[in-house]
Amino acid sequence: MADAQGKAGADDRAQTVRALFRRSIELKEKLIADHAEKVVAMADICLDSLCKGGKLLLCGNGGSAADAQHLAAEMLVRLRPDVNREAVPAIALTLDPTAMTACGNDYSFEHYFERMTRALGRPGDVLIAITTSGRSPNVIKAIQAARQIGMTTLGLLGSSGGPALAECDLALVVPSSETGRIQESHLAIGHALMELIEDGLIARGAIKRC
């Protein structure tokens, strides 16, 4: 009896996993149909900036902070094992815990990304802001600061896009309210974006293969 109950429980959990994967696949299929051209447009914006001596700044909270760091590292180091090339300037604004905790203590956490953007950003740079809700105050303040500086602002958003949508020069809104599914999509979009940037920089002769 216990074995039968255990098997039934395992079957139920396997169904949960299948349903989760299906939702993730269906969401990505929708993104393929509706937003592939937007990813290309974002890549072209980043390419134009990098070719003119600009850089990419990335920010987000929680899982989105990890995505920002992940994507920045792939530009700074290596994205694909068969493509060895020069480093591409990309900075994740989450990487300094000393500055982050100092800002949280002396001002507020809400101003951290804004302060980093004003310190490190320059006209012509690009900010890639990642927020699954589009409502993160610290990310929105960073977007606003970037636009004041003369940077281009790109958003990887979710749900309805929230207040961040109106602040971005160009945004891709993942049409889901499930944080996990949005984050999975953001990472897939991010990888596509970085591959397009890498290929474009090499094709334009802006970076060399090593």
# chains A, B, ... in the order shown; residues from 1 in each chain; ligands from 1

call {"tool": "residues_around", "arguments": {"residues": "segment 17-23 of chain A", "least_positions_apart": "4", "cutoff": "8 Å", "atoms": "only C-alpha atoms", "output": "list in words"}}
result
Arg13, Leu27 and Arg181 of chain A

call {"tool": "write_last_selection", "arguments": {"atoms": "C-alpha atoms", "output": "JSON list (two decimals), in the first residue's frame"}}
result
[["chain", "number", "residue", "atom", "x", "y", "z"],
["A", 13, "ARG", "CA", 5.03, 15.27, -9.16],
["A", 27, "LEU", "CA", 5.95, 30.87, -23.53],
["A", 181, "ARG", "CA", 8.98, 31.23, -16.33]]

call {"tool": "residues_around", "arguments": {"residues": "Leu56 of chain A", "least_positions_apart": "5", "cutoff": "10 Å", "atoms": "only C-alpha atoms", "output": "list in words"}}
result
Cys46, Leu47, Ser49, Leu50, Ala72, Met75, Val88, Pro89, Ala90, Ile91, Ala92, Gly121, Gly124, Asp125, Val126, Leu127, Ile128, Met151 and Thr152 of chain A

call {"tool": "write_last_selection", "arguments": {"atoms": "N, CA and C atoms", "output": "PDB file, in the first residue's frame"}}
result
ATOM      1  N   CYS A  46      23.037  47.678 -29.022  1.00  0.00           N
ATOM      2  CA  CYS A  46      24.239  47.361 -28.248  1.00  0.00           C
ATOM      3  C   CYS A  46      25.476  47.369 -29.147  1.00  0.00           C
ATOM      4  N   LEU A  47      25.339  46.809 -30.345  1.00  0.00           N
ATOM      5  CA  LEU A  47      26.452  46.790 -31.291  1.00  0.00           C
ATOM      6  C   LEU A  47      26.911  48.199 -31.655  1.00  0.00           C
ATOM      7  N   SER A  49      26.604  50.910 -29.968  1.00  0.00           N
ATOM      8  CA  SER A  49      27.258  51.511 -28.816  1.00  0.00           C
ATOM      9  C   SER A  49      28.674  50.973 -28.644  1.00  0.00           C
ATOM     10  N   LEU A  50      28.815  49.661 -28.673  1.00  0.00           N
ATOM     11  CA  LEU A  50      30.126  49.043 -28.454  1.00  0.00           C
ATOM     12  C   LEU A  50      31.112  49.421 -29.553  1.00  0.00           C
ATOM     13  N   ALA A  72      26.856  39.562 -18.233  1.00  0.00           N
ATOM     14  CA  ALA A  72      28.051  40.415 -18.260  1.00  0.00           C
ATOM     15  C   ALA A  72      29.311  39.564 -18.317  1.00  0.00           C
ATOM     16  N   MET A  75      30.167  38.307 -21.724  1.00  0.00           N
ATOM     17  CA  MET A  75      30.782  39.299 -22.592  1.00  0.00           C
ATOM     18  C   MET A  75      32.233  39.564 -22.187  1.00  0.00           C
ATOM     19  N   VAL A  88      34.654  41.994 -24.156  1.00  0.00           N
ATOM     20  CA  VAL A  88      33.666  43.024 -24.496  1.00  0.00           C
ATOM     21  C   VAL A  88      33.269  43.728 -23.200  1.00  0.00           C
ATOM     22  N   PRO A  89      33.290  45.070 -23.157  1.00  0.00           N
ATOM     23  CA  PRO A  89      33.017  45.782 -21.907  1.00  0.00           C
ATOM     24  C   PRO A  89      31.549  45.701 -21.463  1.00  0.00           C
ATOM     25  N   ALA A  90      31.329  44.991 -20.385  1.00  0.00           N
ATOM     26  CA  ALA A  90      29.984  44.831 -19.807  1.00  0.00           C
ATOM     27  C   ALA A  90      30.131  44.768 -18.297  1.00  0.00           C
ATOM     28  N   ILE A  91      29.335  45.550 -17.584  1.00  0.00           N
ATOM     29  CA  ILE A  91      29.445  45.635 -16.129  1.00  0.00           C
ATOM     30  C   ILE A  91      28.094  45.331 -15.493  1.00  0.00           C
ATOM     31  N   ALA A  92      28.056  44.318 -14.631  1.00  0.00           N
ATOM     32  CA  ALA A  92      26.862  44.068 -13.818  1.00  0.00           C
ATOM     33  C   ALA A  92      26.951  44.947 -12.571  1.00  0.00           C
ATOM     34  N   GLY A 121      28.176  55.153 -15.939  1.00  0.00           N
ATOM     35  CA  GLY A 121      27.592  55.335 -17.265  1.00  0.00           C
ATOM     36  C   GLY A 121      28.069  56.602 -17.947  1.00  0.00           C
ATOM     37  N   GLY A 124      25.943  57.447 -24.657  1.00  0.00           N
ATOM     38  CA  GLY A 124      26.227  56.454 -25.677  1.00  0.00           C
ATOM     39  C   GLY A 124      26.314  55.035 -25.158  1.00  0.00           C
ATOM     40  N   ASP A 125      26.452  54.865 -23.838  1.00  0.00           N
ATOM     41  CA  ASP A 125      26.422  53.524 -23.246  1.00  0.00           C
ATOM     42  C   ASP A 125      25.000  52.981 -23.279  1.00  0.00           C
ATOM     43  N   VAL A 126      24.871  51.697 -22.953  1.00  0.00           N
ATOM     44  CA  VAL A 126      23.563  51.043 -22.926  1.00  0.00           C
ATOM     45  C   VAL A 126      23.332  50.427 -21.552  1.00  0.00           C
ATOM     46  N   LEU A 127      22.158  50.679 -20.981  1.00  0.00           N
ATOM     47  CA  LEU A 127      21.734  50.005 -19.752  1.00  0.00           C
ATOM     48  C   LEU A 127      20.730  48.917 -20.106  1.00  0.00           C
ATOM     49  N   ILE A 128      21.010  47.692 -19.674  1.00  0.00           N
ATOM     50  CA  ILE A 128      20.063  46.590 -19.810  1.00  0.00           C
ATOM     51  C   ILE A 128      19.472  46.337 -18.426  1.00  0.00           C
ATOM     52  N   MET A 151      22.292  57.720 -22.060  1.00  0.00           N
ATOM     53  CA  MET A 151      22.440  56.315 -22.395  1.00  0.00           C
ATOM     54  C   MET A 151      21.156  55.816 -23.054  1.00  0.00           C
ATOM     55  N   THR A 152      21.242  54.697 -23.749  1.00  0.00           N
ATOM     56  CA  THR A 152      20.056  54.025 -24.270  1.00  0.00           C
ATOM     57  C   THR A 152      19.639  52.973 -23.255  1.00  0.00           C
TER      58      THR A 152
END

call {"tool": "residues_around", "arguments": {"residues": "Glu114 of chain A", "least_positions_apart": "2", "cutoff": "8 Å", "atoms": "only C-alpha atoms", "output": "ChimeraX atom specification"}}
result
/A:111-112,116-118,138-139,141-146

call {"tool": "write_last_selection", "arguments": {"atoms": "all heavy atoms", "output": "compact mmCIF listing (two decimals), in the first residue's frame"}}
result
# COMPACT_ATOMS: atom_id res chain seq x y z
N HIS A 111 18.43 53.56 -4.14
CA HIS A 111 19.25 54.46 -4.95
C HIS A 111 20.54 53.81 -5.46
O HIS A 111 21.30 54.47 -6.16
CB HIS A 111 19.62 55.71 -4.13
CG HIS A 111 18.43 56.58 -3.81
ND1 HIS A 111 17.86 57.41 -4.74
CD2 HIS A 111 17.70 56.71 -2.68
CE1 HIS A 111 16.83 58.04 -4.20
NE2 HIS A 111 16.72 57.63 -2.95
N TYR A 112 20.78 52.54 -5.11
CA TYR A 112 22.07 51.94 -5.42
C TYR A 112 22.34 51.88 -6.93
O TYR A 112 23.39 52.36 -7.40
CB TYR A 112 22.18 50.54 -4.82
CG TYR A 112 23.47 49.86 -5.19
CD1 TYR A 112 24.68 50.31 -4.67
CD2 TYR A 112 23.49 48.81 -6.10
CE1 TYR A 112 25.88 49.71 -5.02
CE2 TYR A 112 24.69 48.21 -6.47
CZ TYR A 112 25.88 48.66 -5.93
OH TYR A 112 27.06 48.08 -6.30
N MET A 116 25.25 53.91 -9.08
CA MET A 116 26.24 53.22 -9.90
C MET A 116 26.14 53.63 -11.37
O MET A 116 27.15 53.79 -12.06
CB MET A 116 26.08 51.71 -9.79
CG MET A 116 26.34 51.13 -8.41
SD MET A 116 28.00 51.45 -7.77
CE MET A 116 27.67 52.80 -6.62
N THR A 117 24.93 53.81 -11.85
CA THR A 117 24.73 54.22 -13.25
C THR A 117 25.31 55.61 -13.48
O THR A 117 25.98 55.85 -14.50
CB THR A 117 23.23 54.21 -13.60
OG1 THR A 117 22.73 52.88 -13.44
CG2 THR A 117 22.98 54.66 -15.02
N ARG A 118 25.07 56.51 -12.55
CA ARG A 118 25.60 57.87 -12.72
C ARG A 118 27.12 57.88 -12.63
O ARG A 118 27.79 58.68 -13.31
CB ARG A 118 25.00 58.80 -11.66
CG ARG A 118 23.52 59.07 -11.85
CD ARG A 118 23.01 60.17 -10.94
NE ARG A 118 21.57 60.32 -11.03
CZ ARG A 118 20.94 60.97 -12.00
NH1 ARG A 118 21.64 61.53 -12.98
NH2 ARG A 118 19.63 61.06 -12.01
N ASN A 138 14.47 50.44 -7.51
CA ASN A 138 15.90 50.70 -7.76
C ASN A 138 16.26 50.55 -9.23
O ASN A 138 17.10 51.27 -9.76
CB ASN A 138 16.79 49.82 -6.87
CG ASN A 138 16.54 48.33 -7.06
OD1 ASN A 138 15.55 47.91 -7.67
ND2 ASN A 138 17.43 47.51 -6.53
N VAL A 139 15.61 49.61 -9.92
CA VAL A 139 15.85 49.43 -11.35
C VAL A 139 15.25 50.61 -12.14
O VAL A 139 15.88 51.13 -13.07
CB VAL A 139 15.28 48.09 -11.84
CG1 VAL A 139 15.40 47.95 -13.35
CG2 VAL A 139 15.98 46.92 -11.15
N LYS A 141 14.79 53.65 -11.09
CA LYS A 141 15.64 54.84 -10.88
C LYS A 141 16.91 54.76 -11.73
O LYS A 141 17.39 55.78 -12.24
CB LYS A 141 15.99 54.98 -9.40
CG LYS A 141 14.83 55.47 -8.54
CD LYS A 141 15.26 55.70 -7.11
CE LYS A 141 14.08 56.17 -6.26
NZ LYS A 141 13.55 57.46 -6.70
N ALA A 142 17.45 53.56 -11.91
CA ALA A 142 18.63 53.40 -12.76
C ALA A 142 18.29 53.74 -14.21
O ALA A 142 19.07 54.40 -14.90
CB ALA A 142 19.17 51.97 -12.65
N ILE A 143 17.13 53.28 -14.67
CA ILE A 143 16.71 53.58 -16.05
C ILE A 143 16.56 55.09 -16.23
O ILE A 143 17.03 55.66 -17.23
CB ILE A 143 15.38 52.87 -16.37
CG1 ILE A 143 15.53 51.35 -16.29
CG2 ILE A 143 14.89 53.27 -17.76
CD1 ILE A 143 14.21 50.60 -16.32
N GLN A 144 15.92 55.73 -15.27
CA GLN A 144 15.72 57.18 -15.36
C GLN A 144 17.05 57.92 -15.38
O GLN A 144 17.25 58.86 -16.16
CB GLN A 144 14.85 57.66 -14.20
CG GLN A 144 13.42 57.14 -14.28
CD GLN A 144 12.63 57.37 -13.00
OE1 GLN A 144 13.21 57.51 -11.91
NE2 GLN A 144 11.31 57.40 -13.11
N ALA A 145 17.98 57.49 -14.53
CA ALA A 145 19.31 58.12 -14.48
C ALA A 145 20.04 57.92 -15.80
O ALA A 145 20.69 58.84 -16.32
CB ALA A 145 20.13 57.54 -13.33
N ALA A 146 19.95 56.71 -16.35
CA ALA A 146 20.63 56.41 -17.61
C ALA A 146 20.13 57.31 -18.73
O ALA A 146 20.92 57.83 -19.53
CB ALA A 146 20.42 54.94 -17.97

call {"tool": "closest_residue", "arguments": {"among": "A:Ala164, A:Leu156, A:Met100, A:Cys210", "to": "Met42 of chain A", "atoms": "only C-alpha atoms"}}
result
A:Leu156

call {"tool": "residues_around", "arguments": {"residues": "Leu93 of chain A", "least_positions_apart": "2", "cutoff": "9 Å", "atoms": "only C-alpha atoms", "output": "list in words"}}
result
Leu57, Leu58, Cys59, Gly60, Ala65, Ala68, Gln69, Ile91, Leu95, Asp96, Tyr112, Phe113, Met116 and Thr117 of chain A

call {"tool": "atom_distance", "arguments": {"atom1": "atom CA of Gly205 of chain A", "atom2": "atom CA of Ala73 of chain A"}}
result
21.2 Å

call {"tool": "select_by_dssp", "arguments": {"residues": "segment 44-160 of chain A", "states": "helix (DSSP H, G or I)", "output": "MDAnalysis selection string"}}
result
chainID A and resid 44:51 63:76 97:106 109:120 137:149

call {"tool": "closest_residue", "arguments": {"among": "A:Ala119, A:Cys168, A:Val173, A:Ile45", "to": "Ile197 of chain A", "atoms": "only C-alpha atoms"}}
result
A:Ile45

call {"tool": "select_by_dssp", "arguments": {"residues": "segment 19-192 of chain A", "states": "strand (DSSP E)", "output": "VMD selection string"}}
result
chain A and resid 56 to 60 90 to 92 126 to 131 152 to 158 170 to 174

call {"tool": "atom_distance", "arguments": {"atom1": "atom CA of Phe109 of chain A", "atom2": "atom CA of Ile149 of chain A"}}
result
20.7 Å

call {"tool": "residues_around", "arguments": {"residues": "Arg209 of chain A", "least_positions_apart": "5", "cutoff": "8 Å", "atoms": "only C-alpha atoms", "output": "PDB file with C-alpha atoms, in the first residue's frame"}}
result
ATOM      1  CA  VAL A  83      34.590  31.443 -30.088  1.00  0.00           C
ATOM      2  CA  ASN A  84      37.738  32.839 -28.483  1.00  0.00           C
ATOM      3  CA  ARG A  85      37.849  36.616 -28.855  1.00  0.00           C
ATOM      4  CA  GLU A  86      38.775  39.839 -27.121  1.00  0.00           C
ATOM      5  CA  ILE A 202      33.409  40.007 -35.014  1.00  0.00           C
TER       6      ILE A 202
END

call {"tool": "atom_distance", "arguments": {"atom1": "atom CA of Gly162 of chain A", "atom2": "atom CA of Lys28 of chain A"}}
result
20.5 Å
